[in-house]
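Peer 1: Quick one: the structure is below, and I'll ask about it shortly.
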Amino acid sequence: APGDGADAVVWEQVVRTTDADSSLSVAYVAFLTIATLLAAVAIVNDSAILVIGAMVLGPEFAPIAALAVAVVHGRRSIARRAVIALAVGFAVAIAVTTAVAVLGRALGWYGPELLDAARPATGFITQPDRWSLVVAVLAGIAGVLSLTSAKSGALVGVFISVTTVPAAGDIALSLALGGGRELGEAAAQLG
């Protein structure tokens, strides 16, 4: 076929790769939990650099990519594994982060006023808007390109995490601090 070999798509290889990388494992849950904890610390401190660190640790690109590939190719078993990995992984990460946030509140490190504080570096997490949608679509396109080309998916996974891991951290903080409105906005961002 005409064109560069790097542009060739071997779908069976893409399906195998996404399927293999999307399983629920202790390592996956541990990385997602650590990333979510780090995202919560980033929100508390309004630190963009900590948000980036949380995004780098977030392992959710693999199951998100597997889910997309499974939907396109009608692979129900892959879709089921990916959904389980995402649901269980985020549930555990949010639960652990909520428990740690409750502990931080009990120790007097912060209180519900944190939810109303100005956060110019991390406020985007709970204020999804048209730009959040644009970023999510661009991240999805970049993800597809990384899966279907010879380009690395590692940095693309970081880009995907901008709309997931920080939102999970904020969901946990909102649960711990009683922020219903912020909880809804963070959940919309994660969704």
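Following the order of the structure tokens, first chain is A, next is B, and so on, with residues numbered from 1 inside each chain and ligands from 1 in the order they appear.
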Quick one: residues within 12 Å of Gly169 of chain A, only C-alpha atoms counted, chain neighbours fewer than 3 positions away excluded, as a ChimeraX atom specification?

Peer 2: /A:32-44,50-51,54-55,58,90-101,122,125-126,161-166,172-176,182-183,186-187,189-190

Peer 1: Could you write those residues out with C-alpha atoms, as a compact mmCIF listing (two decimals), in the first residue's frame?

Peer 2:
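The new file selection.txt reads:
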```txt
# COMPACT_ATOMS: atom_id res chain seq x y z
CA LEU A 32 -4.65 5.10 39.89
CA THR A 33 -5.04 5.49 43.65
CA ILE A 34 -1.67 7.20 44.03
CA ALA A 35 -2.47 9.47 41.09
CA THR A 36 -5.85 10.37 42.62
CA LEU A 37 -4.26 11.06 46.02
CA LEU A 38 -1.68 13.28 44.33
CA ALA A 39 -4.45 15.09 42.43
CA ALA A 40 -6.26 15.80 45.71
CA VAL A 41 -3.05 17.25 47.17
CA ALA A 42 -2.72 19.35 44.01
CA ILE A 43 -6.22 20.74 44.49
CA VAL A 44 -5.64 21.49 48.18
CA LEU A 50 1.19 18.35 41.10
CA VAL A 51 -1.77 17.97 38.73
CA ALA A 54 -0.94 12.99 38.96
CA MET A 55 -1.65 12.88 35.24
CA GLY A 58 -2.65 7.88 35.88
CA PHE A 90 -11.84 4.78 40.05
CA ALA A 91 -14.13 3.53 42.85
CA VAL A 92 -11.17 2.29 44.90
CA ALA A 93 -9.06 5.38 44.13
CA ILE A 94 -11.86 7.75 45.09
CA ALA A 95 -12.73 5.76 48.24
CA VAL A 96 -9.13 5.70 49.47
CA THR A 97 -8.62 9.38 48.62
CA THR A 98 -11.87 10.28 50.40
CA ALA A 99 -10.71 8.43 53.52
CA VAL A 100 -7.37 10.26 53.44
CA ALA A 101 -9.15 13.59 52.86
CA THR A 122 -6.71 23.85 39.37
CA ILE A 125 -11.17 20.54 37.22
CA THR A 126 -14.57 21.52 38.56
CA SER A 161 -5.55 12.07 32.34
CA VAL A 162 -6.20 15.82 32.29
CA THR A 163 -9.93 15.09 32.26
CA THR A 164 -9.96 12.06 34.59
CA VAL A 165 -7.50 11.79 37.48
CA PRO A 166 -7.80 15.40 38.76
CA ALA A 172 -12.96 12.55 46.81
CA LEU A 173 -12.33 15.97 48.36
CA SER A 174 -15.94 16.97 47.72
CA LEU A 175 -17.18 13.80 49.41
CA ALA A 176 -14.90 14.41 52.40
CA GLU A 182 -18.38 20.72 43.31
CA LEU A 183 -18.95 16.96 43.45
CA ALA A 186 -16.07 17.07 39.10
CA ALA A 187 -18.22 14.04 38.22
CA GLN A 189 -15.59 16.38 34.19
CA LEU A 190 -14.70 12.74 34.89
```

Peer 1: What's around segment 81-83 of chain A at 12 Å? Count only C-alpha atoms, leave out sequence neighbours fewer than 3 positions away in its own chain, and write the answer as a PyMOL selection string.

Peer 2: chain A and resi 18-25+28+60-71+75-78+86-91

Peer 1: For the residues in the current selection, export C-alpha atoms as a PDB file, in the first residue's frame.

Peer 2:
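Final output, part03.pdb:
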```
ATOM      1  CA  THR A  18      -5.373  -2.660  24.174  1.00  0.00           C
ATOM      2  CA  ASP A  19      -6.837  -5.903  25.509  1.00  0.00           C
ATOM      3  CA  ALA A  20      -3.598  -6.904  27.245  1.00  0.00           C
ATOM      4  CA  ASP A  21      -3.065  -3.458  28.774  1.00  0.00           C
ATOM      5  CA  SER A  22      -6.592  -2.965  30.107  1.00  0.00           C
ATOM      6  CA  SER A  23      -6.903  -5.667  32.743  1.00  0.00           C
ATOM      7  CA  LEU A  24      -7.765  -4.842  36.322  1.00  0.00           C
ATOM      8  CA  SER A  25      -4.669  -5.514  38.406  1.00  0.00           C
ATOM      9  CA  TYR A  28      -3.329  -0.574  37.947  1.00  0.00           C
ATOM     10  CA  GLU A  60      -6.436   4.828  32.800  1.00  0.00           C
ATOM     11  CA  PHE A  61      -5.537   5.405  29.148  1.00  0.00           C
ATOM     12  CA  ALA A  62      -5.201   1.674  28.492  1.00  0.00           C
ATOM     13  CA  PRO A  63      -8.735   0.702  29.585  1.00  0.00           C
ATOM     14  CA  ILE A  64     -10.230   3.804  27.941  1.00  0.00           C
ATOM     15  CA  ALA A  65      -8.478   2.903  24.687  1.00  0.00           C
ATOM     16  CA  ALA A  66      -9.529  -0.744  25.055  1.00  0.00           C
ATOM     17  CA  LEU A  67     -13.133   0.308  25.556  1.00  0.00           C
ATOM     18  CA  ALA A  68     -13.048   2.449  22.416  1.00  0.00           C
ATOM     19  CA  VAL A  69     -11.447  -0.307  20.341  1.00  0.00           C
ATOM     20  CA  ALA A  70     -13.907  -2.867  21.745  1.00  0.00           C
ATOM     21  CA  VAL A  71     -16.888  -0.707  20.824  1.00  0.00           C
ATOM     22  CA  ARG A  75     -15.453  -7.117  21.207  1.00  0.00           C
ATOM     23  CA  ARG A  76     -17.756  -7.414  24.222  1.00  0.00           C
ATOM     24  CA  SER A  77     -15.301  -9.284  26.427  1.00  0.00           C
ATOM     25  CA  ILE A  78     -12.681  -6.551  25.986  1.00  0.00           C
ATOM     26  CA  LEU A  86     -12.270   1.755  34.990  1.00  0.00           C
ATOM     27  CA  ALA A  87     -15.187   1.378  37.411  1.00  0.00           C
ATOM     28  CA  VAL A  88     -13.336  -0.606  40.067  1.00  0.00           C
ATOM     29  CA  GLY A  89     -10.137   1.404  39.681  1.00  0.00           C
ATOM     30  CA  PHE A  90     -11.839   4.782  40.054  1.00  0.00           C
ATOM     31  CA  ALA A  91     -14.134   3.535  42.851  1.00  0.00           C
TER      32      ALA A  91
END
```

Peer 1: As a VMD selection string, please: all residues of segment 5-91 of chain A that backbone DSSP puts in helix (DSSP H, G or I).

Peer 2: chain A and resid 5 to 7 11 to 21 26 to 45 48 to 57 61 to 73 76 to 91

Peer 1: Using only C-alpha atoms, can you tell me which of A:Asp129, A:Ala136, A:Leu177, A:Ile84 comes closest to Trp109 of chain A?

Peer 2: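 Closest to Trp109 of chain A of all the choices is A:Leu177.
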
Peer 1: Between A:Ile171, A:Ile52, A:Val72, A:Leu107, single out the one closest to Val144 of chain A, counting only C-alpha atoms.

Peer 2: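 Answer, going by the shortest atom-to-atom distance: A:Val72.
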
Peer 1: Hey, which of A:Arg16, A:Gly74, A:Ile49, A:Ala167 ends up closest to Ser132 of chain A? Count only C-alpha atoms.

Peer 2: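 Among the listed residues, the smallest separation from Ser132 of chain A belongs to A:Ala167.
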